[in-house]
Amino acid sequence: MNNIQSDNFDEKINLISSLINAEKYSLALDLLAEFYKQYNHIWGCENKKTIYCEFVLAQLNIAVGDIHKAKYYYEISIPKIISNDGFGDDFVIEAQIVYIRFLITDKDYAYAISCLEKLHMQLKICIENNVRDYLTVIDLLSSLYSVEGFHQKSVDMTCEMIAILMEEHEHRYGNILTKDNIDFSKEVIDKLISLHLDAGASFSRLEKYHDAKQYLEHGYFLSFNVYGDHDERSLKLNYNLAVNEMQGIDPKEGIRQLHFVYEDMVKYLGSDNEYTKKAYNTLKMVDEIKEN
């Protein structure tokens, strides 16, 4: 036998997919490993079937907890996926993002950033055809830049995400946001609130306190009008506004605001809530709450 019929390959892959969907990862891994061992020397290392099997083997090894083997299969499959013309653009991008998420889980942040920056430049050329993937890439970059202490780069990515998500709204209403024209989907609303919180935090770390205040206020406006002032998201934004005020604009006013935020957190989130405790500890640090 010197080849394998494509329908046999598809049949095997479909069976493996059904096992994966049923969360029978060990069975799927054993079947695919045997299939790969039997035929990869026939297909050749650059064949699309070989490469695809290696990629799925990486994912299955993650599922069963073998990170070492997962890393091995990713490292041999991803470069070939990128260079092989047989894979469609969508799959090539998806595979790279899957691999980058693995690198993040493996805490290889420097290499993850390097891969993301390359993918970022590639997608930026034709962003209109890949908006969702582009947003995923800059979202990951923003988080990793923040983890690695590159706060200016992080906030640049965050602000770009906000601009992209707000673009359609601005085309419709101009650069005006009111309680009557907040017509984003829940997914976008939640993301915008989170991004404004992140941008505020990054600007504050950069000691750009007025920029931080602007983004935190915009985020609070969205959260307040969609979820109300007692929602955890709104209270988190209010907490960050108070701390930002205290650190870089008006310390006395910031502490005054923080007292009100803390009281609301105790009332609506409870004393055991992690953010309530954070507000308490912040006030304690400035000697505004004393131990009994």
# chains A, B, ... in the order shown; residues from 1 in each chain; ligands from 1
call {"tool": "residues_around", "arguments": {"residues": "Arg205 (chain A)", "least_positions_apart": "6", "cutoff": "12 Å", "atoms": "only C-alpha atoms", "output": "short mmCIF file (atom, residue, chain, number, x, y, z; two decimals) with N, CA and C atoms, in the first residue's frame"}}
result
data_model
loop_
_atom_site.label_atom_id
_atom_site.label_comp_id
_atom_site.auth_asym_id
_atom_site.auth_seq_id
_atom_site.Cartn_x
_atom_site.Cartn_y
_atom_site.Cartn_z
N SER A 146 0.56 44.13 29.35
CA SER A 146 0.31 44.55 30.72
C SER A 146 1.04 43.64 31.71
N GLY A 149 4.61 44.41 31.84
CA GLY A 149 4.95 45.76 32.28
C GLY A 149 5.07 46.79 31.17
N PHE A 150 4.66 46.44 29.94
CA PHE A 150 4.70 47.39 28.82
C PHE A 150 3.36 48.13 28.76
N HIS A 151 3.14 49.02 29.71
CA HIS A 151 1.81 49.59 29.89
C HIS A 151 1.40 50.53 28.77
N GLN A 152 2.36 51.24 28.16
CA GLN A 152 2.00 52.11 27.04
C GLN A 152 1.55 51.28 25.85
N SER A 154 0.31 48.32 26.04
CA SER A 154 -0.96 47.71 26.44
C SER A 154 -2.12 48.66 26.20
N VAL A 155 -1.95 49.89 26.64
CA VAL A 155 -3.05 50.84 26.51
C VAL A 155 -3.28 51.22 25.04
N ASP A 198 -9.75 48.61 31.81
CA ASP A 198 -8.34 48.27 31.56
C ASP A 198 -7.54 49.50 31.12
N ALA A 199 -8.14 50.30 30.22
CA ALA A 199 -7.46 51.50 29.74
C ALA A 199 -7.20 52.47 30.90
N ASP A 211 -6.09 61.18 31.61
CA ASP A 211 -6.50 60.24 30.56
C ASP A 211 -7.22 59.05 31.19
N ALA A 212 -6.68 58.57 32.32
CA ALA A 212 -7.31 57.45 33.02
C ALA A 212 -8.73 57.81 33.44
N ASN A 240 -11.93 52.44 40.87
CA ASN A 240 -10.75 52.88 40.12
C ASN A 240 -10.74 54.39 39.91
N VAL A 243 -9.52 55.85 43.27
CA VAL A 243 -8.09 55.62 43.49
C VAL A 243 -7.26 56.47 42.53
N ASN A 244 -7.70 56.58 41.29
CA ASN A 244 -7.00 57.42 40.31
C ASN A 244 -7.00 58.87 40.77
N GLN A 247 -4.57 59.18 43.73
CA GLN A 247 -3.15 59.03 43.42
C GLN A 247 -2.57 60.21 42.65
N GLY A 248 -3.38 60.82 41.75
CA GLY A 248 -2.74 61.76 40.86
C GLY A 248 -3.45 63.06 40.57
#
call {"tool": "residues_around", "arguments": {"residues": "Glu75 (chain A)", "least_positions_apart": "2", "cutoff": "12 Å", "atoms": "only C-alpha atoms", "output": "PDB file with C-alpha atoms, in the first residue's frame"}}
result
ATOM      1  CA  ILE A  51       0.413  18.402   9.368  1.00  0.00           C
ATOM      2  CA  GLU A  54       0.160  16.757  14.220  1.00  0.00           C
ATOM      3  CA  PHE A  55      -1.888  19.853  15.031  1.00  0.00           C
ATOM      4  CA  LEU A  57      -2.358  15.591  18.343  1.00  0.00           C
ATOM      5  CA  ALA A  58      -1.074  18.730  20.069  1.00  0.00           C
ATOM      6  CA  HIS A  68       5.486  18.186  26.790  1.00  0.00           C
ATOM      7  CA  LYS A  69       4.044  16.206  23.877  1.00  0.00           C
ATOM      8  CA  ALA A  70       1.621  18.997  23.064  1.00  0.00           C
ATOM      9  CA  LYS A  71       4.517  21.425  22.777  1.00  0.00           C
ATOM     10  CA  TYR A  72       6.404  18.989  20.539  1.00  0.00           C
ATOM     11  CA  TYR A  73       3.502  18.565  18.102  1.00  0.00           C
ATOM     12  CA  SER A  77       3.008  21.562  12.935  1.00  0.00           C
ATOM     13  CA  ILE A  78       2.578  25.344  13.259  1.00  0.00           C
ATOM     14  CA  PRO A  79       5.514  26.398  11.002  1.00  0.00           C
ATOM     15  CA  LYS A  80       4.292  23.957   8.360  1.00  0.00           C
ATOM     16  CA  ILE A  81       0.698  25.204   8.635  1.00  0.00           C
ATOM     17  CA  ILE A  82       1.912  28.760   8.062  1.00  0.00           C
ATOM     18  CA  ALA A  95      -4.165  27.577  14.308  1.00  0.00           C
ATOM     19  CA  GLN A  96      -1.731  30.345  15.216  1.00  0.00           C
ATOM     20  CA  TYR A  99      -0.877  27.902  19.547  1.00  0.00           C
ATOM     21  CA  ILE A 100      -0.413  31.353  21.073  1.00  0.00           C
ATOM     22  CA  PHE A 102      -1.006  27.445  24.516  1.00  0.00           C
ATOM     23  CA  LEU A 103       2.163  29.543  24.872  1.00  0.00           C
TER      24      LEU A 103
END
call {"tool": "select_by_dssp", "arguments": {"residues": "region 55-90 of chain A", "states": "helix (DSSP H, G or I)", "output": "JSON, numbers by chain"}}
result
{"A": [55, 56, 57, 58, 59, 60, 61, 62, 63, 67, 68, 69, 70, 71, 72, 73, 74, 75, 76, 77, 78, 79, 80, 81, 82, 83, 89, 90]}
call {"tool": "residues_around", "arguments": {"residues": "region 129-143 of chain A", "least_positions_apart": "2", "cutoff": "9 Å", "atoms": "only C-alpha atoms", "output": "number ranges by chain"}}
result
A: 90, 93-94, 97, 101, 112-113, 116-117, 119-120, 123-124, 126-127, 145-148, 150-151, 153-158, 160-161, 164
call {"tool": "residues_around", "arguments": {"residues": "Leu258 (chain A)", "least_positions_apart": "5", "cutoff": "9 Å", "atoms": "only C-alpha atoms", "output": "PyMOL selection string"}}
result
chain A and resi 238-243+246+253+263+279+282-283
call {"tool": "write_last_selection", "arguments": {"atoms": "N, CA, C and O atoms", "output": "mmCIF file, in the first residue's frame"}}
result
data_model
loop_
_atom_site.group_PDB
_atom_site.id
_atom_site.type_symbol
_atom_site.label_atom_id
_atom_site.label_comp_id
_atom_site.auth_asym_id
_atom_site.auth_seq_id
_atom_site.Cartn_x
_atom_site.Cartn_y
_atom_site.Cartn_z
ATOM 1 N N ASN A 238 -16.068 52.759 39.700
ATOM 2 C CA ASN A 238 -16.079 53.838 40.688
ATOM 3 C C ASN A 238 -14.887 53.746 41.622
ATOM 4 O O ASN A 238 -14.302 54.761 42.005
ATOM 5 N N TYR A 239 -14.532 52.533 42.004
ATOM 6 C CA TYR A 239 -13.352 52.320 42.849
ATOM 7 C C TYR A 239 -12.098 52.826 42.139
ATOM 8 O O TYR A 239 -11.284 53.551 42.721
ATOM 9 N N ASN A 240 -11.928 52.445 40.873
ATOM 10 C CA ASN A 240 -10.752 52.883 40.121
ATOM 11 C C ASN A 240 -10.741 54.387 39.912
ATOM 12 O O ASN A 240 -9.675 55.016 39.925
ATOM 13 N N LEU A 241 -11.920 54.987 39.712
ATOM 14 C CA LEU A 241 -11.997 56.447 39.596
ATOM 15 C C LEU A 241 -11.521 57.109 40.884
ATOM 16 O O LEU A 241 -10.759 58.086 40.838
ATOM 17 N N ALA A 242 -11.957 56.575 42.013
ATOM 18 C CA ALA A 242 -11.567 57.157 43.302
ATOM 19 C C ALA A 242 -10.071 57.022 43.542
ATOM 20 O O ALA A 242 -9.405 57.979 43.964
ATOM 21 N N VAL A 243 -9.524 55.847 43.270
ATOM 22 C CA VAL A 243 -8.087 55.621 43.490
ATOM 23 C C VAL A 243 -7.260 56.468 42.534
ATOM 24 O O VAL A 243 -6.228 57.037 42.917
ATOM 25 N N MET A 246 -7.277 59.892 43.852
ATOM 26 C CA MET A 246 -6.464 59.965 45.065
ATOM 27 C C MET A 246 -4.972 59.975 44.735
ATOM 28 O O MET A 246 -4.188 60.701 45.345
ATOM 29 N N GLU A 253 -10.046 64.541 47.681
ATOM 30 C CA GLU A 253 -11.305 64.199 47.003
ATOM 31 C C GLU A 253 -11.362 62.711 46.686
ATOM 32 O O GLU A 253 -12.424 62.084 46.789
ATOM 33 N N GLU A 263 -18.583 52.012 51.094
ATOM 34 C CA GLU A 263 -19.883 51.820 51.744
ATOM 35 C C GLU A 263 -20.869 51.138 50.806
ATOM 36 O O GLU A 263 -21.627 50.236 51.217
ATOM 37 N N ALA A 279 -11.072 47.629 48.424
ATOM 38 C CA ALA A 279 -11.369 49.015 48.802
ATOM 39 C C ALA A 279 -11.039 49.246 50.269
ATOM 40 O O ALA A 279 -10.469 50.291 50.634
ATOM 41 N N THR A 282 -7.288 49.508 50.683
ATOM 42 C CA THR A 282 -6.790 50.779 50.153
ATOM 43 C C THR A 282 -7.025 51.900 51.160
ATOM 44 O O THR A 282 -6.140 52.731 51.412
ATOM 45 N N LEU A 283 -8.220 51.917 51.721
ATOM 46 C CA LEU A 283 -8.510 52.934 52.729
ATOM 47 C C LEU A 283 -7.618 52.751 53.961
ATOM 48 O O LEU A 283 -7.166 53.722 54.573
#
call {"tool": "residues_around", "arguments": {"residues": "Asp180 (chain A)", "least_positions_apart": "6", "cutoff": "12 Å", "atoms": "only C-alpha atoms", "output": "list in words"}}
result
Tyr173, Phe221, Leu222, Asn225 and Val226 of chain A
call {"tool": "write_last_selection", "arguments": {"atoms": "all heavy atoms", "output": "PDB file, in the first residue's frame"}}
result
ATOM      1  N   TYR A 173     -24.208  57.718  14.959  1.00  0.00           N
ATOM      2  CA  TYR A 173     -24.616  58.799  15.857  1.00  0.00           C
ATOM      3  C   TYR A 173     -23.594  59.927  15.978  1.00  0.00           C
ATOM      4  O   TYR A 173     -23.849  60.913  16.670  1.00  0.00           O
ATOM      5  CB  TYR A 173     -24.873  58.247  17.269  1.00  0.00           C
ATOM      6  CG  TYR A 173     -25.930  57.171  17.318  1.00  0.00           C
ATOM      7  CD1 TYR A 173     -25.572  55.835  17.517  1.00  0.00           C
ATOM      8  CD2 TYR A 173     -27.279  57.483  17.183  1.00  0.00           C
ATOM      9  CE1 TYR A 173     -26.535  54.833  17.580  1.00  0.00           C
ATOM     10  CE2 TYR A 173     -28.252  56.492  17.241  1.00  0.00           C
ATOM     11  CZ  TYR A 173     -27.872  55.167  17.436  1.00  0.00           C
ATOM     12  OH  TYR A 173     -28.826  54.175  17.488  1.00  0.00           O
ATOM     13  N   PHE A 221     -20.159  55.356  32.626  1.00  0.00           N
ATOM     14  CA  PHE A 221     -21.385  55.813  31.965  1.00  0.00           C
ATOM     15  C   PHE A 221     -22.107  54.642  31.309  1.00  0.00           C
ATOM     16  O   PHE A 221     -23.326  54.482  31.447  1.00  0.00           O
ATOM     17  CB  PHE A 221     -21.045  56.876  30.908  1.00  0.00           C
ATOM     18  CG  PHE A 221     -22.246  57.401  30.176  1.00  0.00           C
ATOM     19  CD1 PHE A 221     -23.011  58.430  30.722  1.00  0.00           C
ATOM     20  CD2 PHE A 221     -22.620  56.871  28.947  1.00  0.00           C
ATOM     21  CE1 PHE A 221     -24.129  58.908  30.048  1.00  0.00           C
ATOM     22  CE2 PHE A 221     -23.727  57.350  28.272  1.00  0.00           C
ATOM     23  CZ  PHE A 221     -24.482  58.374  28.822  1.00  0.00           C
ATOM     24  N   LEU A 222     -21.355  53.805  30.612  1.00  0.00           N
ATOM     25  CA  LEU A 222     -21.947  52.625  29.980  1.00  0.00           C
ATOM     26  C   LEU A 222     -22.514  51.671  31.033  1.00  0.00           C
ATOM     27  O   LEU A 222     -23.650  51.208  30.932  1.00  0.00           O
ATOM     28  CB  LEU A 222     -20.904  51.897  29.137  1.00  0.00           C
ATOM     29  CG  LEU A 222     -20.534  52.494  27.780  1.00  0.00           C
ATOM     30  CD1 LEU A 222     -19.306  51.788  27.210  1.00  0.00           C
ATOM     31  CD2 LEU A 222     -21.703  52.380  26.808  1.00  0.00           C
ATOM     32  N   ASN A 225     -25.658  53.053  32.933  1.00  0.00           N
ATOM     33  CA  ASN A 225     -26.884  53.115  32.136  1.00  0.00           C
ATOM     34  C   ASN A 225     -27.388  51.755  31.693  1.00  0.00           C
ATOM     35  O   ASN A 225     -28.574  51.618  31.355  1.00  0.00           O
ATOM     36  CB  ASN A 225     -26.664  54.011  30.916  1.00  0.00           C
ATOM     37  CG  ASN A 225     -26.721  55.486  31.271  1.00  0.00           C
ATOM     38  OD1 ASN A 225     -27.782  56.039  31.533  1.00  0.00           O
ATOM     39  ND2 ASN A 225     -25.550  56.115  31.328  1.00  0.00           N
ATOM     40  N   VAL A 226     -26.531  50.762  31.684  1.00  0.00           N
ATOM     41  CA  VAL A 226     -26.952  49.414  31.278  1.00  0.00           C
ATOM     42  C   VAL A 226     -27.255  48.544  32.496  1.00  0.00           C
ATOM     43  O   VAL A 226     -28.258  47.819  32.514  1.00  0.00           O
ATOM     44  CB  VAL A 226     -25.868  48.739  30.405  1.00  0.00           C
ATOM     45  CG1 VAL A 226     -26.266  47.301  30.092  1.00  0.00           C
ATOM     46  CG2 VAL A 226     -25.666  49.524  29.112  1.00  0.00           C
TER      47      VAL A 226
END
call {"tool": "closest_residue", "arguments": {"among": "A:Leu27, A:Leu195, A:Val266, A:Cys53", "to": "Tyr39 (chain A)", "atoms": "only C-alpha atoms"}}
result
A:Cys53
call {"tool": "residues_around", "arguments": {"residues": "Tyr227 (chain A)", "least_positions_apart": "4", "cutoff": "12 Å", "atoms": "only C-alpha atoms", "output": "ChimeraX atom specification"}}
result
/A:179,186,189-190,193,219-223,231-235
call {"tool": "write_last_selection", "arguments": {"atoms": "all heavy atoms", "output": "CSV table (one decimal), in the first residue's frame"}}
result
chain,number,residue,atom,x,y,z
A,179,LYS,N,-27.5,57.9,26.9
A,179,LYS,CA,-28.3,56.7,27.5
A,179,LYS,C,-29.3,56.2,26.5
A,179,LYS,O,-29.7,55.1,26.5
A,179,LYS,CB,-28.9,57.1,28.8
A,179,LYS,CG,-30.0,58.1,28.7
A,179,LYS,CD,-30.6,58.4,30.1
A,179,LYS,CE,-31.8,59.4,30.0
A,179,LYS,NZ,-32.4,59.6,31.3
A,186,LYS,N,-25.1,42.8,24.0
A,186,LYS,CA,-24.6,42.6,25.4
A,186,LYS,C,-23.1,42.2,25.4
A,186,LYS,O,-22.3,42.7,26.2
A,186,LYS,CB,-25.4,41.5,26.1
A,186,LYS,CG,-25.0,41.3,27.5
A,186,LYS,CD,-25.8,40.2,28.2
A,186,LYS,CE,-25.5,40.0,29.7
A,186,LYS,NZ,-24.0,39.9,29.9
A,189,ILE,N,-21.2,45.4,24.8
A,189,ILE,CA,-21.3,46.3,26.0
A,189,ILE,C,-20.3,45.8,27.1
A,189,ILE,O,-19.6,46.6,27.7
A,189,ILE,CB,-22.7,46.3,26.5
A,189,ILE,CG1,-23.6,47.2,25.7
A,189,ILE,CG2,-22.8,46.7,28.0
A,189,ILE,CD1,-23.4,48.7,26.0
A,190,ASP,N,-20.4,44.5,27.4
A,190,ASP,CA,-19.5,44.0,28.4
A,190,ASP,C,-18.1,44.2,28.1
A,190,ASP,O,-17.2,44.5,29.0
A,190,ASP,CB,-19.8,42.5,28.7
A,190,ASP,CG,-21.2,42.3,29.3
A,190,ASP,OD1,-21.8,43.3,29.8
A,190,ASP,OD2,-21.7,41.2,29.3
A,193,ILE,N,-17.1,47.9,28.5
A,193,ILE,CA,-16.9,48.3,29.9
A,193,ILE,C,-15.6,47.8,30.5
A,193,ILE,O,-14.8,48.5,31.1
A,193,ILE,CB,-18.1,47.7,30.8
A,193,ILE,CG1,-19.4,48.4,30.4
A,193,ILE,CG2,-17.8,47.8,32.3
A,193,ILE,CD1,-20.6,47.7,31.0
A,219,GLY,N,-16.4,54.4,30.8
A,219,GLY,CA,-16.8,53.0,31.1
A,219,GLY,C,-17.9,53.0,32.2
A,219,GLY,O,-18.9,52.2,32.1
A,220,TYR,N,-17.8,53.9,33.2
A,220,TYR,CA,-18.9,54.0,34.2
A,220,TYR,C,-20.2,54.4,33.6
A,220,TYR,O,-21.3,53.9,33.9
A,220,TYR,CB,-18.5,55.0,35.3
A,220,TYR,CG,-19.5,55.1,36.4
A,220,TYR,CD1,-19.7,54.1,37.3
A,220,TYR,CD2,-20.4,56.2,36.4
A,220,TYR,CE1,-20.7,54.2,38.3
A,220,TYR,CE2,-21.4,56.3,37.3
A,220,TYR,CZ,-21.5,55.3,38.3
A,220,TYR,OH,-22.6,55.4,39.2
A,221,PHE,N,-20.2,55.4,32.6
A,221,PHE,CA,-21.4,55.8,32.0
A,221,PHE,C,-22.1,54.6,31.3
A,221,PHE,O,-23.3,54.5,31.4
A,221,PHE,CB,-21.0,56.9,30.9
A,221,PHE,CG,-22.2,57.4,30.2
A,221,PHE,CD1,-23.0,58.4,30.7
A,221,PHE,CD2,-22.6,56.9,28.9
A,221,PHE,CE1,-24.1,58.9,30.0
A,221,PHE,CE2,-23.7,57.3,28.3
A,221,PHE,CZ,-24.5,58.4,28.8
A,222,LEU,N,-21.4,53.8,30.6
A,222,LEU,CA,-21.9,52.6,30.0
A,222,LEU,C,-22.5,51.7,31.0
A,222,LEU,O,-23.7,51.2,30.9
A,222,LEU,CB,-20.9,51.9,29.1
A,222,LEU,CG,-20.5,52.5,27.8
A,222,LEU,CD1,-19.3,51.8,27.2
A,222,LEU,CD2,-21.7,52.4,26.8
A,223,SER,N,-21.7,51.4,32.0
A,223,SER,CA,-22.1,50.4,33.1
A,223,SER,C,-23.3,50.9,33.8
A,223,SER,O,-24.3,50.1,34.1
A,223,SER,CB,-20.9,50.1,34.0
A,223,SER,OG,-21.2,49.1,34.9
A,231,ASP,N,-24.3,47.6,40.4
A,231,ASP,CA,-23.7,46.4,39.8
A,231,ASP,C,-22.2,46.4,40.1
A,231,ASP,O,-21.5,47.4,40.3
A,231,ASP,CB,-23.9,46.5,38.3
A,231,ASP,CG,-23.4,45.3,37.6
A,231,ASP,OD1,-24.0,44.3,37.6
A,231,ASP,OD2,-22.3,45.4,37.0
A,232,GLU,N,-21.6,45.2,40.2
A,232,GLU,CA,-20.2,45.0,40.5
A,232,GLU,C,-19.3,45.8,39.5
A,232,GLU,O,-18.3,46.4,39.9
A,232,GLU,CB,-19.8,43.5,40.5
A,232,GLU,CG,-18.4,43.3,41.0
A,232,GLU,CD,-18.1,41.8,41.1
A,232,GLU,OE1,-18.4,41.3,42.3
A,232,GLU,OE2,-17.7,41.2,40.2
A,233,ARG,N,-19.7,45.7,38.2
A,233,ARG,CA,-18.9,46.4,37.2
A,233,ARG,C,-18.8,47.9,37.5
A,233,ARG,O,-17.8,48.6,37.4
A,233,ARG,CB,-19.5,46.2,35.8
A,233,ARG,CG,-19.2,44.8,35.2
A,233,ARG,CD,-20.1,44.4,34.2
A,233,ARG,NE,-21.4,44.0,34.8
A,233,ARG,CZ,-22.2,43.1,34.3
A,233,ARG,NH1,-21.9,42.4,33.2
A,233,ARG,NH2,-23.4,42.8,34.9
A,234,SER,N,-20.0,48.5,37.8
A,234,SER,CA,-20.1,50.0,38.1
A,234,SER,C,-19.3,50.3,39.3
A,234,SER,O,-18.5,51.3,39.3
A,234,SER,CB,-21.5,50.4,38.2
A,234,SER,OG,-22.3,50.1,37.1
A,235,LEU,N,-19.4,49.5,40.3
A,235,LEU,CA,-18.6,49.7,41.6
A,235,LEU,C,-17.1,49.6,41.4
A,235,LEU,O,-16.3,50.4,41.9
A,235,LEU,CB,-19.1,48.8,42.7
A,235,LEU,CG,-20.6,49.1,43.1
A,235,LEU,CD1,-21.1,47.9,44.0
A,235,LEU,CD2,-20.6,50.4,43.9
call {"tool": "atom_distance", "arguments": {"atom1": "CA of Leu165 (chain A)", "atom2": "CA of Ile104 (chain A)"}}
result
24.8 Å
call {"tool": "decode", "arguments": {"residues": "region 250-261 of chain A", "atoms": "N, CA, C and O atoms", "output": "PDB file, in the first residue's frame"}}
result
ATOM      1  N   ASP A 250      -6.505  64.698  42.935  1.00  0.00           N
ATOM      2  CA  ASP A 250      -6.872  65.395  44.176  1.00  0.00           C
ATOM      3  C   ASP A 250      -6.989  64.346  45.281  1.00  0.00           C
ATOM      4  O   ASP A 250      -8.041  63.713  45.430  1.00  0.00           O
ATOM      5  N   PRO A 251      -5.905  64.136  46.052  1.00  0.00           N
ATOM      6  CA  PRO A 251      -5.899  63.070  47.064  1.00  0.00           C
ATOM      7  C   PRO A 251      -7.069  63.142  48.051  1.00  0.00           C
ATOM      8  O   PRO A 251      -7.686  62.126  48.357  1.00  0.00           O
ATOM      9  N   LYS A 252      -7.374  64.327  48.541  1.00  0.00           N
ATOM     10  CA  LYS A 252      -8.455  64.477  49.514  1.00  0.00           C
ATOM     11  C   LYS A 252      -9.795  64.086  48.910  1.00  0.00           C
ATOM     12  O   LYS A 252     -10.591  63.369  49.535  1.00  0.00           O
ATOM     13  N   GLU A 253     -10.046  64.541  47.681  1.00  0.00           N
ATOM     14  CA  GLU A 253     -11.305  64.199  47.003  1.00  0.00           C
ATOM     15  C   GLU A 253     -11.362  62.711  46.686  1.00  0.00           C
ATOM     16  O   GLU A 253     -12.424  62.084  46.789  1.00  0.00           O
ATOM     17  N   GLY A 254     -10.226  62.145  46.304  1.00  0.00           N
ATOM     18  CA  GLY A 254     -10.186  60.721  46.004  1.00  0.00           C
ATOM     19  C   GLY A 254     -10.534  59.874  47.214  1.00  0.00           C
ATOM     20  O   GLY A 254     -11.293  58.899  47.103  1.00  0.00           O
ATOM     21  N   ILE A 255     -10.007  60.237  48.376  1.00  0.00           N
ATOM     22  CA  ILE A 255     -10.303  59.497  49.609  1.00  0.00           C
ATOM     23  C   ILE A 255     -11.775  59.646  49.971  1.00  0.00           C
ATOM     24  O   ILE A 255     -12.434  58.680  50.385  1.00  0.00           O
ATOM     25  N   ARG A 256     -12.319  60.850  49.766  1.00  0.00           N
ATOM     26  CA  ARG A 256     -13.742  61.070  50.046  1.00  0.00           C
ATOM     27  C   ARG A 256     -14.607  60.173  49.161  1.00  0.00           C
ATOM     28  O   ARG A 256     -15.551  59.522  49.635  1.00  0.00           O
ATOM     29  N   GLN A 257     -14.264  60.115  47.858  1.00  0.00           N
ATOM     30  CA  GLN A 257     -15.012  59.263  46.934  1.00  0.00           C
ATOM     31  C   GLN A 257     -14.880  57.787  47.311  1.00  0.00           C
ATOM     32  O   GLN A 257     -15.850  57.030  47.228  1.00  0.00           O
ATOM     33  N   LEU A 258     -13.690  57.406  47.734  1.00  0.00           N
ATOM     34  CA  LEU A 258     -13.435  56.006  48.061  1.00  0.00           C
ATOM     35  C   LEU A 258     -14.264  55.553  49.257  1.00  0.00           C
ATOM     36  O   LEU A 258     -14.710  54.398  49.311  1.00  0.00           O
ATOM     37  N   HIS A 259     -14.506  56.440  50.198  1.00  0.00           N
ATOM     38  CA  HIS A 259     -15.371  56.100  51.330  1.00  0.00           C
ATOM     39  C   HIS A 259     -16.776  55.740  50.849  1.00  0.00           C
ATOM     40  O   HIS A 259     -17.357  54.738  51.291  1.00  0.00           O
ATOM     41  N   PHE A 260     -17.305  56.551  49.945  1.00  0.00           N
ATOM     42  CA  PHE A 260     -18.647  56.275  49.427  1.00  0.00           C
ATOM     43  C   PHE A 260     -18.680  54.966  48.643  1.00  0.00           C
ATOM     44  O   PHE A 260     -19.628  54.182  48.755  1.00  0.00           O
ATOM     45  N   VAL A 261     -17.637  54.736  47.846  1.00  0.00           N
ATOM     46  CA  VAL A 261     -17.570  53.498  47.067  1.00  0.00           C
ATOM     47  C   VAL A 261     -17.512  52.294  48.002  1.00  0.00           C
ATOM     48  O   VAL A 261     -18.210  51.285  47.797  1.00  0.00           O
TER      49      VAL A 261
END
